[in-house]
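Colleague: For reference, this is structure_23.txt, and it has compact mmCIF, C-alpha atoms and all ligand atoms.
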```txt
# COMPACT_ATOMS: atom_id res chain seq x y z
CA MET U 551 9.90 -54.11 -2.18
CA LYS U 552 7.07 -54.20 -4.74
CA TYR U 553 4.97 -51.27 -3.63
CA VAL U 554 5.52 -48.53 -1.07
CA SER U 555 1.83 -48.74 -0.14
CA GLU U 556 2.47 -52.13 1.53
CA PHE U 557 4.50 -50.22 4.10
CA ARG U 558 1.78 -47.62 4.69
CA SER U 559 -1.11 -50.04 5.18
CA PRO U 560 -3.48 -48.79 7.96
CA GLU U 561 -4.36 -52.41 8.86
CA VAL U 562 -0.71 -53.38 9.35
CA VAL U 563 -0.07 -50.15 11.28
CA ASP U 564 -3.02 -50.90 13.59
CA ALA U 565 -1.82 -54.47 14.18
CA LEU U 566 1.72 -53.29 15.02
CA LEU U 567 0.45 -50.58 17.38
CA LYS U 568 -1.70 -53.19 19.15
CA GLU U 569 1.28 -55.51 19.55
CA ILE U 570 3.46 -52.66 20.87
CA ARG U 571 0.76 -51.75 23.44
CA GLU U 572 0.48 -55.40 24.52
CA THR U 573 4.26 -55.83 24.76
CA VAL U 574 5.36 -52.70 26.58
CA LYS U 575 5.41 -52.68 30.37
CA GLY U 576 8.31 -50.35 31.28
CA ASN U 577 9.05 -46.74 30.33
CA TRP U 578 11.42 -46.51 27.38
CA ASN U 579 13.18 -43.70 25.49
CA ILE U 580 14.03 -44.83 21.97
CA MET U 581 16.16 -42.53 19.80
CA GLU U 582 15.64 -42.56 16.04
CA VAL U 583 19.01 -41.38 14.80
CA CYS U 584 17.95 -40.22 11.36
CA GLY U 585 16.13 -36.97 10.54
CA GLY U 586 14.22 -38.73 7.76
CA GLN U 587 12.82 -41.12 10.37
CA THR U 588 11.93 -38.17 12.62
CA HIS U 589 9.95 -36.56 9.82
CA SER U 590 8.14 -39.80 9.00
CA LEU U 591 7.25 -40.36 12.68
CA VAL U 592 5.90 -36.82 13.03
CA LYS U 593 4.26 -36.52 9.59
CA ASN U 594 2.42 -39.82 9.93
CA GLY U 595 1.21 -39.04 13.46
CA ILE U 596 3.04 -42.04 14.93
CA LEU U 597 4.29 -40.08 17.97
CA ASN U 598 0.68 -39.52 19.03
CA MET U 599 -0.34 -43.14 18.46
CA LEU U 600 2.38 -44.80 20.53
CA PRO U 601 1.66 -45.64 24.18
CA SER U 602 2.86 -42.84 26.45
CA ASN U 603 5.53 -45.05 28.02
CA VAL U 604 7.29 -45.38 24.64
CA GLN U 605 8.89 -42.00 24.02
CA MET U 606 10.67 -41.33 20.74
CA VAL U 607 13.73 -39.12 21.23
CA HIS U 608 15.01 -37.32 18.15
CA GLY U 609 18.68 -37.71 17.28
CA PRO U 610 21.36 -35.74 15.42
CA GLY U 611 20.71 -37.35 12.04
CA CYS U 612 20.16 -34.17 10.05
CA PRO U 613 23.40 -33.32 8.22
CA VAL U 614 22.36 -29.75 7.48
CA CYS U 615 21.61 -29.21 11.20
CA VAL U 616 25.04 -30.37 12.36
CA THR U 617 27.09 -28.50 9.73
CA PRO U 618 29.24 -26.08 11.78
CA VAL U 619 28.65 -22.34 11.49
CA ASN U 620 32.32 -21.97 10.57
CA LEU U 621 31.82 -24.02 7.40
CA ILE U 622 28.77 -21.95 6.43
CA ASP U 623 30.89 -18.84 6.96
CA LYS U 624 33.55 -20.36 4.71
CA ALA U 625 30.94 -21.09 2.02
CA VAL U 626 29.66 -17.50 2.24
CA HIS U 627 33.25 -16.20 2.08
CA LEU U 628 33.95 -18.27 -1.04
CA ALA U 629 30.77 -17.05 -2.71
CA MET U 630 31.21 -13.38 -1.76
CA ASP U 631 34.98 -12.84 -1.85
CA HIS U 632 36.38 -15.43 -4.27
CA ASN U 633 33.76 -15.04 -6.99
CA VAL U 634 33.20 -18.80 -7.14
CA ILE U 635 30.02 -20.48 -8.35
CA LEU U 636 28.92 -21.94 -5.02
CA CYS U 637 26.62 -24.95 -5.46
CA SER U 638 24.65 -26.56 -2.68
CA TYR U 639 21.61 -28.62 -1.80
CA GLY U 640 18.54 -26.43 -1.25
CA ASP U 641 18.20 -26.61 2.56
CA MET U 642 21.78 -25.54 3.14
CA ILE U 643 21.44 -22.10 1.63
CA ARG U 644 18.91 -20.90 4.24
CA VAL U 645 20.87 -21.99 7.33
CA PRO U 646 22.13 -18.99 9.32
CA GLY U 647 25.89 -18.46 9.49
CA SER U 648 27.66 -15.98 11.79
CA GLY U 649 27.02 -13.06 9.48
CA MET U 650 24.70 -14.21 6.73
CA SER U 651 23.30 -17.30 5.08
CA LEU U 652 24.12 -18.35 1.53
CA LEU U 653 20.66 -17.12 0.55
CA GLU U 654 21.51 -13.65 1.84
CA ALA U 655 24.82 -13.85 -0.02
CA LYS U 656 22.88 -14.70 -3.18
CA SER U 657 20.61 -11.69 -2.63
CA LYS U 658 23.76 -9.55 -2.46
CA GLY U 659 24.90 -10.79 -5.87
CA ALA U 660 26.90 -13.95 -5.08
CA ASP U 661 26.55 -16.78 -7.62
CA VAL U 662 24.89 -19.41 -5.39
CA ARG U 663 23.11 -22.26 -7.17
CA ILE U 664 20.86 -25.01 -5.82
CA LEU U 665 21.60 -28.43 -7.29
CA TYR U 666 20.36 -31.98 -6.73
CA SER U 667 23.66 -33.72 -7.51
CA PRO U 668 27.37 -32.88 -7.28
CA LEU U 669 27.80 -34.25 -10.81
CA GLU U 670 25.76 -31.26 -12.01
CA ALA U 671 28.40 -29.05 -10.39
CA VAL U 672 31.17 -30.81 -12.35
CA LYS U 673 29.16 -30.16 -15.52
CA ILE U 674 28.86 -26.46 -14.59
CA ALA U 675 32.65 -26.37 -14.04
CA LYS U 676 33.23 -27.84 -17.54
CA GLU U 677 30.88 -25.27 -19.04
CA ASN U 678 32.58 -22.38 -17.18
CA PRO U 679 36.33 -23.02 -17.50
CA ASP U 680 37.16 -19.43 -16.46
CA ARG U 681 35.25 -19.70 -13.13
CA GLU U 682 35.93 -21.79 -10.03
CA VAL U 683 33.03 -24.05 -8.99
CA VAL U 684 32.66 -25.30 -5.40
CA PHE U 685 30.11 -27.88 -4.28
CA PHE U 686 29.13 -27.69 -0.59
CA ALA U 687 29.31 -31.43 0.09
CA VAL U 688 27.09 -31.91 3.12
CA GLY U 689 25.80 -35.22 4.37
CA PHE U 690 26.17 -38.47 6.27
CA GLU U 691 27.69 -41.64 4.83
CA THR U 692 24.71 -41.79 2.46
CA THR U 693 25.73 -38.89 0.22
CA ALA U 694 29.49 -39.47 0.52
CA PRO U 695 29.70 -41.85 -2.49
CA ALA U 696 28.11 -39.28 -4.86
CA ASN U 697 30.36 -36.49 -3.57
CA ALA U 698 33.44 -38.72 -3.85
CA LEU U 699 32.36 -39.74 -7.35
CA SER U 700 32.18 -36.08 -8.41
CA VAL U 701 35.87 -35.66 -7.47
CA ILE U 702 36.83 -38.89 -9.28
CA HIS U 703 34.86 -37.71 -12.30
CA ALA U 704 36.49 -34.24 -12.28
CA PHE U 705 39.95 -35.82 -11.84
CA LYS U 706 39.46 -38.27 -14.73
CA GLU U 707 38.08 -35.57 -17.04
CA GLY U 708 40.88 -33.15 -16.17
CA VAL U 709 38.44 -30.58 -14.72
CA LYS U 710 40.69 -28.41 -12.57
CA ASN U 711 38.25 -25.63 -11.65
CA TYR U 712 36.08 -27.89 -9.43
CA SER U 713 36.39 -28.54 -5.69
CA ILE U 714 34.24 -29.55 -2.72
CA LEU U 715 33.70 -27.90 0.66
CA THR U 716 33.29 -30.99 2.78
CA SER U 717 30.92 -31.35 5.71
CA HIS U 718 30.54 -35.11 5.99
CA VAL U 719 29.62 -36.62 9.33
CA LEU U 720 29.44 -40.25 10.45
CA VAL U 721 26.64 -41.85 12.45
CA PRO U 722 28.34 -44.42 14.76
CA PRO U 723 30.67 -41.87 16.48
CA ALA U 724 27.65 -39.61 17.09
CA MET U 725 25.80 -42.49 18.77
CA GLU U 726 28.87 -43.08 20.95
CA ALA U 727 28.97 -39.36 21.87
CA ILE U 728 25.29 -39.46 22.86
CA MET U 729 25.79 -42.56 25.01
CA SER U 730 28.91 -41.10 26.65
CA ASP U 731 26.98 -38.04 27.90
CA ALA U 732 26.27 -38.47 31.62
CA ALA U 733 22.79 -36.97 31.15
CA CYS U 734 21.88 -39.43 28.37
CA LYS U 735 18.44 -40.96 28.79
CA VAL U 736 18.38 -43.10 25.65
CA ASP U 737 17.46 -46.77 26.21
CA ALA U 738 17.71 -47.97 22.59
CA PHE U 739 18.36 -46.77 19.04
CA LEU U 740 16.59 -47.14 15.73
CA GLY U 741 19.55 -47.24 13.33
CA ALA U 742 19.46 -45.16 10.13
CA GLY U 743 18.49 -47.55 7.33
CA HIS U 744 19.90 -45.60 4.41
CA VAL U 745 23.30 -45.12 6.09
CA CYS U 746 23.48 -48.88 6.73
CA ALA U 747 22.52 -49.56 3.08
CA ILE U 748 25.89 -47.99 2.21
CA MET U 749 28.09 -48.96 5.16
CA GLY U 750 26.52 -52.24 6.33
CA ILE U 751 25.73 -52.94 9.96
CA GLY U 752 29.08 -54.16 11.31
CA GLU U 753 30.06 -50.82 12.91
CA TYR U 754 27.15 -51.07 15.36
CA TYR U 755 28.10 -54.33 17.14
CA PRO U 756 30.76 -52.62 19.31
CA ILE U 757 28.23 -49.93 20.39
CA VAL U 758 25.66 -52.58 21.34
CA GLU U 759 28.28 -54.42 23.41
CA LYS U 760 29.94 -51.40 25.01
CA TYR U 761 26.72 -49.68 26.12
CA LYS U 762 24.55 -52.80 26.39
CA ILE U 763 21.90 -51.12 24.29
CA PRO U 764 19.56 -52.50 21.61
CA ILE U 765 19.99 -51.13 18.08
CA VAL U 766 17.47 -51.99 15.38
CA VAL U 767 18.34 -50.82 11.86
CA THR U 768 15.06 -49.47 10.55
CA GLY U 769 13.47 -48.04 7.39
CA PHE U 770 11.35 -44.95 6.90
CA GLU U 771 7.77 -45.93 6.12
CA PRO U 772 5.19 -46.16 8.95
CA VAL U 773 5.26 -49.98 8.94
CA ASP U 774 9.07 -49.99 9.00
CA LEU U 775 9.19 -47.62 11.94
CA LEU U 776 6.56 -49.46 13.95
CA GLU U 777 8.22 -52.82 13.25
CA GLY U 778 11.54 -51.33 14.37
CA ILE U 779 9.95 -49.93 17.52
CA LEU U 780 8.27 -53.28 18.26
CA MET U 781 11.55 -55.19 17.80
CA THR U 782 13.26 -52.68 20.10
CA VAL U 783 10.55 -52.84 22.79
CA LYS U 784 10.66 -56.65 22.74
CA GLN U 785 14.40 -56.54 23.47
CA LEU U 786 14.01 -53.92 26.19
CA GLU U 787 11.23 -55.83 27.94
CA LYS U 788 13.34 -59.01 27.93
CA GLY U 789 16.44 -57.14 29.15
CA GLU U 790 18.27 -58.05 25.93
CA TYR U 791 20.63 -55.96 23.83
CA LYS U 792 21.21 -57.04 20.25
CA LEU U 793 21.80 -55.57 16.82
CA GLU U 794 18.84 -56.40 14.58
CA ASN U 795 17.94 -55.42 11.04
CA GLN U 796 14.31 -54.53 10.32
CA TYR U 797 15.18 -53.04 6.89
CA THR U 798 16.36 -56.27 5.25
CA ARG U 799 14.73 -55.41 1.93
CA VAL U 800 17.33 -52.63 1.51
CA VAL U 801 20.17 -53.19 4.01
CA GLU U 802 22.62 -56.03 3.47
CA THR U 803 24.92 -56.93 6.34
CA GLY U 804 28.04 -55.97 4.39
CA GLY U 805 26.57 -52.80 2.86
CA ASN U 806 27.39 -51.63 -0.65
CA LYS U 807 31.04 -52.51 -1.28
CA ASN U 808 31.36 -50.41 -4.46
CA ALA U 809 30.02 -47.33 -2.67
CA VAL U 810 32.42 -47.86 0.25
CA LYS U 811 35.33 -48.28 -2.19
CA THR U 812 34.39 -44.98 -3.86
CA ILE U 813 34.30 -43.22 -0.47
CA ASP U 814 37.67 -44.72 0.50
CA GLU U 815 39.28 -43.52 -2.72
CA ILE U 816 38.62 -39.84 -1.90
CA PHE U 817 37.95 -39.50 1.83
CA GLU U 818 39.68 -40.33 5.09
CA VAL U 819 38.17 -40.32 8.58
CA THR U 820 38.90 -37.15 10.56
CA ASP U 821 37.80 -35.43 13.78
CA ARG U 822 34.76 -33.25 13.10
CA GLU U 823 32.91 -30.39 14.73
CA TRP U 824 29.11 -30.93 14.99
CA ARG U 825 26.99 -27.78 15.24
CA GLY U 826 25.33 -27.60 18.66
CA ILE U 827 27.19 -30.69 19.88
CA GLY U 828 30.92 -29.92 19.62
CA GLU U 829 33.87 -31.89 18.33
CA ILE U 830 33.49 -35.66 18.07
CA PRO U 831 36.70 -37.62 17.41
CA ARG U 832 36.89 -39.50 14.10
CA SER U 833 33.33 -38.53 13.19
CA GLY U 834 33.73 -37.04 9.72
CA TYR U 835 35.31 -37.37 6.31
CA GLY U 836 38.03 -35.10 4.94
CA VAL U 837 39.53 -35.15 1.45
CA LYS U 838 42.70 -37.26 1.23
CA GLU U 839 46.01 -35.48 0.61
CA GLN U 840 46.40 -36.86 -2.93
CA TYR U 841 43.13 -35.15 -3.93
CA SER U 842 43.80 -31.89 -2.02
CA ALA U 843 43.48 -29.91 -5.28
CA TYR U 844 39.77 -30.75 -5.04
CA ASP U 845 39.44 -29.68 -1.40
CA ALA U 846 38.08 -26.09 -1.39
CA VAL U 847 39.52 -25.27 2.06
CA ARG U 848 43.08 -26.12 0.96
CA LYS U 849 42.67 -24.83 -2.60
CA PHE U 850 41.50 -21.36 -1.50
CA LYS U 851 43.50 -21.39 1.78
CA ILE U 852 40.43 -20.29 3.72
CA ASP U 853 40.79 -19.86 7.46
CA ILE U 854 37.99 -18.16 9.38
CA ALA U 855 39.23 -18.04 12.95
CA GLU U 856 36.02 -17.07 14.70
CA SER U 857 32.41 -17.89 14.02
CA HIS U 858 29.45 -17.12 16.22
CA GLU U 859 26.45 -19.28 17.12
CA ASP U 860 23.11 -17.91 18.23
CA LEU U 861 23.38 -19.10 21.82
CA THR U 862 19.62 -18.94 22.36
CA CYS U 863 19.19 -21.87 19.93
CA LEU U 864 19.04 -25.14 21.87
CA SER U 865 19.64 -27.38 18.86
CA GLY U 866 22.37 -29.33 20.69
CA ASP U 867 19.93 -30.32 23.43
CA VAL U 868 17.32 -31.25 20.80
CA MET U 869 19.79 -33.38 18.83
CA LYS U 870 21.13 -35.15 21.92
CA GLY U 871 17.57 -36.03 22.89
CA LYS U 872 17.62 -33.90 26.06
CA ILE U 873 14.58 -31.84 25.04
CA LYS U 874 11.85 -32.11 22.42
CA PRO U 875 11.71 -29.26 19.85
CA ASP U 876 8.54 -27.79 21.39
CA GLN U 877 10.34 -27.53 24.75
CA CYS U 878 12.71 -24.91 23.28
CA PRO U 879 11.42 -21.48 24.44
CA ASN U 880 11.94 -20.04 20.96
CA PHE U 881 9.87 -22.70 19.20
CA GLY U 882 7.08 -21.18 17.11
CA THR U 883 7.71 -17.72 18.56
CA LYS U 884 11.18 -16.30 17.88
CA CYS U 885 12.04 -19.31 15.71
CA THR U 886 9.88 -20.40 12.76
CA PRO U 887 10.68 -21.83 9.30
CA VAL U 888 10.31 -18.30 7.87
CA GLN U 889 12.70 -16.77 10.43
CA PRO U 890 14.81 -19.66 11.76
CA LEU U 891 17.25 -19.18 14.64
CA GLY U 892 18.84 -22.57 14.10
CA ALA U 893 19.36 -25.16 11.38
CA PRO U 894 16.84 -27.74 12.74
CA MET U 895 14.07 -25.25 11.91
CA VAL U 896 15.32 -24.95 8.32
CA SER U 897 16.23 -28.39 7.12
CA SER U 898 13.73 -30.80 5.60
CA GLU U 899 15.24 -33.35 8.02
CA GLY U 900 15.36 -31.05 11.06
CA ALA U 901 13.32 -32.09 14.11
CA CYS U 902 12.16 -28.52 14.84
CA ALA U 903 10.86 -28.07 11.28
CA ALA U 904 9.10 -31.45 11.51
CA TYR U 905 7.34 -30.43 14.72
CA TYR U 906 6.45 -27.03 13.30
CA ASN U 907 5.11 -28.33 9.99
CA PHE U 908 3.34 -31.52 11.05
CA HIS U 909 2.84 -31.42 14.78
CA MET U 910 1.79 -27.80 15.21
CA ALA U 911 -1.85 -28.32 16.22
CA THR U 912 -0.83 -30.56 19.11
CA VAL U 913 2.02 -28.28 20.10
CA LEU U 914 -0.06 -25.09 20.06
CA GLU U 915 -2.62 -26.81 22.24
CA GLY U 916 0.22 -27.76 24.62
CA ILE U 917 1.58 -24.19 24.92
CA GLY U 918 -1.88 -22.72 25.44
CA HIS U 919 -2.63 -21.10 22.04
S1 LIG C 1001 13.20 -24.24 17.89
FE1 LIG C 1001 14.70 -22.96 16.79
S2 LIG C 1001 15.92 -22.03 18.44
FE2 LIG C 1001 14.87 -23.81 19.32
S3 LIG C 1001 16.30 -25.52 19.09
FE3 LIG C 1001 14.93 -25.55 17.30
S4 LIG C 1001 16.08 -24.38 15.73
FE4 LIG C 1001 17.02 -23.87 17.72
```
Give the structure from this file in structure tokens form.
Ligand code: SF4
Modeller:
Amino acid sequence: MKYVSEFRSPEVVDALLKEIRETVKGNWNIMEVCGGQTHSLVKNGILNMLPSNVQMVHGPGCPVCVTPVNLIDKAVHLAMDHNVILCSYGDMIRVPGSGMSLLEAKSKGADVRILYSPLEAVKIAKENPDREVVFFAVGFETTAPANALSVIHAFKEGVKNYSILTSHVLVPPAMEAIMSDAACKVDAFLGAGHVCAIMGIGEYYPIVEKYKIPIVVTGFEPVDLLEGILMTVKQLEKGEYKLENQYTRVVETGGNKNAVKTIDEIFEVTDREWRGIGEIPRSGYGVKEQYSAYDAVRKFKIDIAESHEDLTCLSGDVMKGKIKPDQCPNFGTKCTPVQPLGAPMVSSEGACAAYYNFHMATVLEGIGH
């Protein structure tokens, strides 16, 4: 890639939209798995430019959105009751837990810090040898190498007052869970380009074969997304199901072997609870036994038996593609980015926040404002 502007060219966008309109005959629901893709589709107005028989359905690819309430409660407990320096990415601190968010904990005096990298947290641990430092390691396969690297770094440097609270989720098992739902109305997937840049594309062949569904690994710029949609529609119209890679400038078939090796050093695949969706077998990463001293849950022996969701939040239905964010009765009324009921209204990758921030004029028109 030389310039990002090549992938935002209005002329290329127009040509791709024309070809999609000329190609599509049936009615198709295409799920973009990744929250970054959702935001790009909404922010760039692509949802409104596609023909009405190509519906984009928004998937569960927002790691902050699917982090279970119980883990947020554990983070709050660590910050409030164990006097740790609790470090996290910015979005995570505003997500509601059962009792309070990390932001509310901070307002009550807890030492909660927003960081851009887990390596900063290791540095804070070195600078504060008399305090425990915990990094809330949230993310898909994409951020797992950096979080794993922070543990390797702490281990090699003999930093013993550092640990991670892990909330890592994996994309392919989530796609399987969506397809296994009897009410699923997804006809094809746009695969998450950045996840495949790390993991490669091999994990998706079995899903294509098992569910006879097209998957096109796709990037994030308007031209990427429209190319991915066009490649998907072409398959659907021909009755084909294949794994294709639109994002070849970034995604290599085998992924990034060094990054995968780093992940494998620290993490093992475990069952994982997804907020709003439930438990998905073998859909997350946990810290391996030999690095358990760096696993905050084991280190601090935290066990919070009961956590409570706001049951009026329909985030599970949004993330499984059953409803669009503006079909939730709370959207824009009881639930806004200032007073969110659920994580998808908080996160920069959440579908509800995307609709609220970039799609509001259309939505308000639709609900009669
Ligand atoms: S609009 Fe708010 S309440 Fe509704 S699904 Fe989205 S986050 Fe949950």
Colleague: Find the smallest box with edges along x, y and z containing every listed atom of ligand LIG 1001 (chain C), then add 6 Å on each side and report centre and edge lengths in Å to one decimal, as JSON.
Modeller:
```
{"center_x": 15.1, "center_y": -23.8, "center_z": 17.5, "size_x": 15.8, "size_y": 15.5, "size_z": 15.6}
```
Colleague: Out of U:Val783, U:Met895, U:Ala903, U:Val709, which residue has the shortest atom-to-atom distance to ligand LIG 1001 (chain C) when counting all atoms listed in the file?
Modeller: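 The shortest atom-to-atom distance to ligand LIG 1001 (chain C) comes from U:Met895.
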Colleague: Pick the closest to U:Val688 from U:Leu652, U:Met781, U:Cys612, U:Met725: which is it, counting all atoms listed in the file?
Modeller: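 Checking each of U:Leu652, U:Met781, U:Cys612, U:Met725 against U:Val688, counting all atoms listed in the file, the winner is U:Cys612.
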Colleague: How far is it from atom CA of U:Met642 to atom CA of U:Thr617, in Å with one decimal?
Modeller: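 About the pair atom CA of U:Met642 and atom CA of U:Thr617: they are 9.0 Å apart.
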Colleague: From the options U:Gly789, U:Pro610, U:Pro875, U:Gly750, which residue's atoms come nearest to ligand LIG 1001 (chain C), counting only C-alpha atoms and all ligand atoms?
Modeller: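 Closest to ligand LIG 1001 (chain C), using only C-alpha atoms and all ligand atoms: U:Pro875.
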Colleague: Nearest to U:Trp824: which of U:Cys902, U:Ala893, U:Val736, U:Met630 is it, counting all atoms listed in the file?
Modeller: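 Using all atoms listed in the file, the shortest distance to U:Trp824 belongs to U:Ala893.
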Colleague: Using all atoms listed in the file, what does the table of chain U residues within 9 Å of ligand LIG 1001 (chain C) look like, with each row giving the shortest atom pair and its distance in Å to one decimal, sorted by chain and ascending number, as a tab-separated table?
Modeller:
```
residue	atom	partner	partner_atom	distance
U:Cys615	CA	C:LIG1001	S4	8.6
U:Asp860	CA	C:LIG1001	S2	8.3
U:Leu861	CA	C:LIG1001	S2	8.7
U:Thr862	CA	C:LIG1001	S2	6.2
U:Cys863	CA	C:LIG1001	S2	3.6
U:Leu864	CA	C:LIG1001	S3	3.9
U:Ser865	CA	C:LIG1001	S3	3.8
U:Gly866	CA	C:LIG1001	S3	7.3
U:Asp867	CA	C:LIG1001	S3	7.4
U:Val868	CA	C:LIG1001	S3	6.1
U:Met869	CA	C:LIG1001	S3	8.6
U:Ile873	CA	C:LIG1001	S3	8.8
U:Lys874	CA	C:LIG1001	S3	8.6
U:Pro875	CA	C:LIG1001	FE3	5.5
U:Asp876	CA	C:LIG1001	S1	6.8
U:Gln877	CA	C:LIG1001	FE2	8.0
U:Cys878	CA	C:LIG1001	FE2	4.6
U:Pro879	CA	C:LIG1001	FE2	6.6
U:Asn880	CA	C:LIG1001	FE2	5.0
U:Phe881	CA	C:LIG1001	S1	3.9
U:Gly882	CA	C:LIG1001	S1	6.9
U:Thr883	CA	C:LIG1001	S1	8.5
U:Lys884	CA	C:LIG1001	S2	7.5
U:Cys885	CA	C:LIG1001	FE1	4.6
U:Thr886	CA	C:LIG1001	FE1	6.8
U:Pro887	CA	C:LIG1001	FE1	8.6
U:Pro890	CA	C:LIG1001	FE1	6.0
U:Leu891	CA	C:LIG1001	S2	4.9
U:Gly892	CA	C:LIG1001	S4	3.7
U:Ala893	CA	C:LIG1001	S4	5.5
U:Pro894	CA	C:LIG1001	S4	4.6
U:Met895	CA	C:LIG1001	S4	4.4
U:Val896	CA	C:LIG1001	S4	7.5
U:Gly900	CA	C:LIG1001	S4	8.2
U:Ala901	CA	C:LIG1001	FE3	7.5
U:Cys902	CA	C:LIG1001	FE3	4.7
U:Ala903	CA	C:LIG1001	FE3	7.7
U:Tyr906	CA	C:LIG1001	S1	8.6
```
Colleague: Restricting it to C-alpha atoms, dump the selection as a PDB file, in the coordinates of the input.
Modeller:
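File written: out-v9.pdb
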```
ATOM      1  CA  CYS U 615      21.610 -29.210  11.200  1.00  0.00           C
ATOM      2  CA  ASP U 860      23.110 -17.910  18.230  1.00  0.00           C
ATOM      3  CA  LEU U 861      23.380 -19.100  21.820  1.00  0.00           C
ATOM      4  CA  THR U 862      19.620 -18.940  22.360  1.00  0.00           C
ATOM      5  CA  CYS U 863      19.190 -21.870  19.930  1.00  0.00           C
ATOM      6  CA  LEU U 864      19.040 -25.140  21.870  1.00  0.00           C
ATOM      7  CA  SER U 865      19.640 -27.380  18.860  1.00  0.00           C
ATOM      8  CA  GLY U 866      22.370 -29.330  20.690  1.00  0.00           C
ATOM      9  CA  ASP U 867      19.930 -30.320  23.430  1.00  0.00           C
ATOM     10  CA  VAL U 868      17.320 -31.250  20.800  1.00  0.00           C
ATOM     11  CA  MET U 869      19.790 -33.380  18.830  1.00  0.00           C
ATOM     12  CA  ILE U 873      14.580 -31.840  25.040  1.00  0.00           C
ATOM     13  CA  LYS U 874      11.850 -32.110  22.420  1.00  0.00           C
ATOM     14  CA  PRO U 875      11.710 -29.260  19.850  1.00  0.00           C
ATOM     15  CA  ASP U 876       8.540 -27.790  21.390  1.00  0.00           C
ATOM     16  CA  GLN U 877      10.340 -27.530  24.750  1.00  0.00           C
ATOM     17  CA  CYS U 878      12.710 -24.910  23.280  1.00  0.00           C
ATOM     18  CA  PRO U 879      11.420 -21.480  24.440  1.00  0.00           C
ATOM     19  CA  ASN U 880      11.940 -20.040  20.960  1.00  0.00           C
ATOM     20  CA  PHE U 881       9.870 -22.700  19.200  1.00  0.00           C
ATOM     21  CA  GLY U 882       7.080 -21.180  17.110  1.00  0.00           C
ATOM     22  CA  THR U 883       7.710 -17.720  18.560  1.00  0.00           C
ATOM     23  CA  LYS U 884      11.180 -16.300  17.880  1.00  0.00           C
ATOM     24  CA  CYS U 885      12.040 -19.310  15.710  1.00  0.00           C
ATOM     25  CA  THR U 886       9.880 -20.400  12.760  1.00  0.00           C
ATOM     26  CA  PRO U 887      10.680 -21.830   9.300  1.00  0.00           C
ATOM     27  CA  PRO U 890      14.810 -19.660  11.760  1.00  0.00           C
ATOM     28  CA  LEU U 891      17.250 -19.180  14.640  1.00  0.00           C
ATOM     29  CA  GLY U 892      18.840 -22.570  14.100  1.00  0.00           C
ATOM     30  CA  ALA U 893      19.360 -25.160  11.380  1.00  0.00           C
ATOM     31  CA  PRO U 894      16.840 -27.740  12.740  1.00  0.00           C
ATOM     32  CA  MET U 895      14.070 -25.250  11.910  1.00  0.00           C
ATOM     33  CA  VAL U 896      15.320 -24.950   8.320  1.00  0.00           C
ATOM     34  CA  GLY U 900      15.360 -31.050  11.060  1.00  0.00           C
ATOM     35  CA  ALA U 901      13.320 -32.090  14.110  1.00  0.00           C
ATOM     36  CA  CYS U 902      12.160 -28.520  14.840  1.00  0.00           C
ATOM     37  CA  ALA U 903      10.860 -28.070  11.280  1.00  0.00           C
ATOM     38  CA  TYR U 906       6.450 -27.030  13.300  1.00  0.00           C
TER      39      TYR U 906
END
```
Colleague: My list of candidates is U:Thr803, U:Tyr761, U:Arg825, U:Asp774. Which is closest to U:Asp731 when distances are computed with all atoms listed in the file?
Modeller: U:Tyr761
Colleague: Between atom CA of U:Glu818 and atom CA of U:Lys706, what is the spacing in Å?
Modeller: 19.9 Å
Colleague: So the first atom is atom CA of U:Thr692 and the second is atom CA of U:Glu829; what is the distance between them in Å, to one decimal place?
Modeller: 20.8 Å
Colleague: Nearest to U:Asp814: which of U:Ala698, U:Val758, U:Val847, U:Ile635 is it, counting all atoms listed in the file?
Modeller: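 So, comparing all the options, the nearest one is U:Ala698.
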Colleague: Using all atoms listed in the file, give me every residue within 12 Å of (22.8, -15.1, 9.1) in file coordinates, as number ranges by chain.
Modeller: U: 619-620, 622-623, 626, 643-655, 857-860, 889-893
Colleague: Please provide as a PyMOL selection string all residues within 10 Å of U:Val562, with the sequence filter that same-chain residues fewer than 6 positions apart are discarded (counting only C-alpha atoms).
Modeller: chain U and resi 556+568+772-773+776-777
Colleague: Can you tell me which residues surround U:Ser833 at a distance of at most 10 Å, considering only C-alpha atoms, apart from same-chain residues fewer than 5 positions away, and format the answer as an mmCIF file with C-alpha atoms, in the coordinates of the input?
Modeller:
```cif
data_model
loop_
_atom_site.group_PDB
_atom_site.id
_atom_site.type_symbol
_atom_site.label_atom_id
_atom_site.label_comp_id
_atom_site.auth_asym_id
_atom_site.auth_seq_id
_atom_site.Cartn_x
_atom_site.Cartn_y
_atom_site.Cartn_z
ATOM 1 C CA PHE U 690 26.170 -38.470 6.270
ATOM 2 C CA HIS U 718 30.540 -35.110 5.990
ATOM 3 C CA VAL U 719 29.620 -36.620 9.330
ATOM 4 C CA LEU U 720 29.440 -40.250 10.450
ATOM 5 C CA VAL U 721 26.640 -41.850 12.450
ATOM 6 C CA PRO U 722 28.340 -44.420 14.760
ATOM 7 C CA PRO U 723 30.670 -41.870 16.480
ATOM 8 C CA ALA U 724 27.650 -39.610 17.090
ATOM 9 C CA ALA U 727 28.970 -39.360 21.870
ATOM 10 C CA VAL U 819 38.170 -40.320 8.580
ATOM 11 C CA THR U 820 38.900 -37.150 10.560
ATOM 12 C CA ASP U 821 37.800 -35.430 13.780
ATOM 13 C CA ARG U 822 34.760 -33.250 13.100
ATOM 14 C CA GLU U 823 32.910 -30.390 14.730
ATOM 15 C CA TRP U 824 29.110 -30.930 14.990
#
```
Colleague: When you look at U:Asn697 with a cut-off of 9 Å (counting only C-alpha atoms), what residues show up, excluding the ones that are within fewer than 6 positions of it in the same chain? I need them as a list in words.
Modeller: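 The residues that qualify are Ser667, Pro668, Leu669, Phe685, Ala687, Val688, Ile714, Thr716 and Ile813 of chain U.
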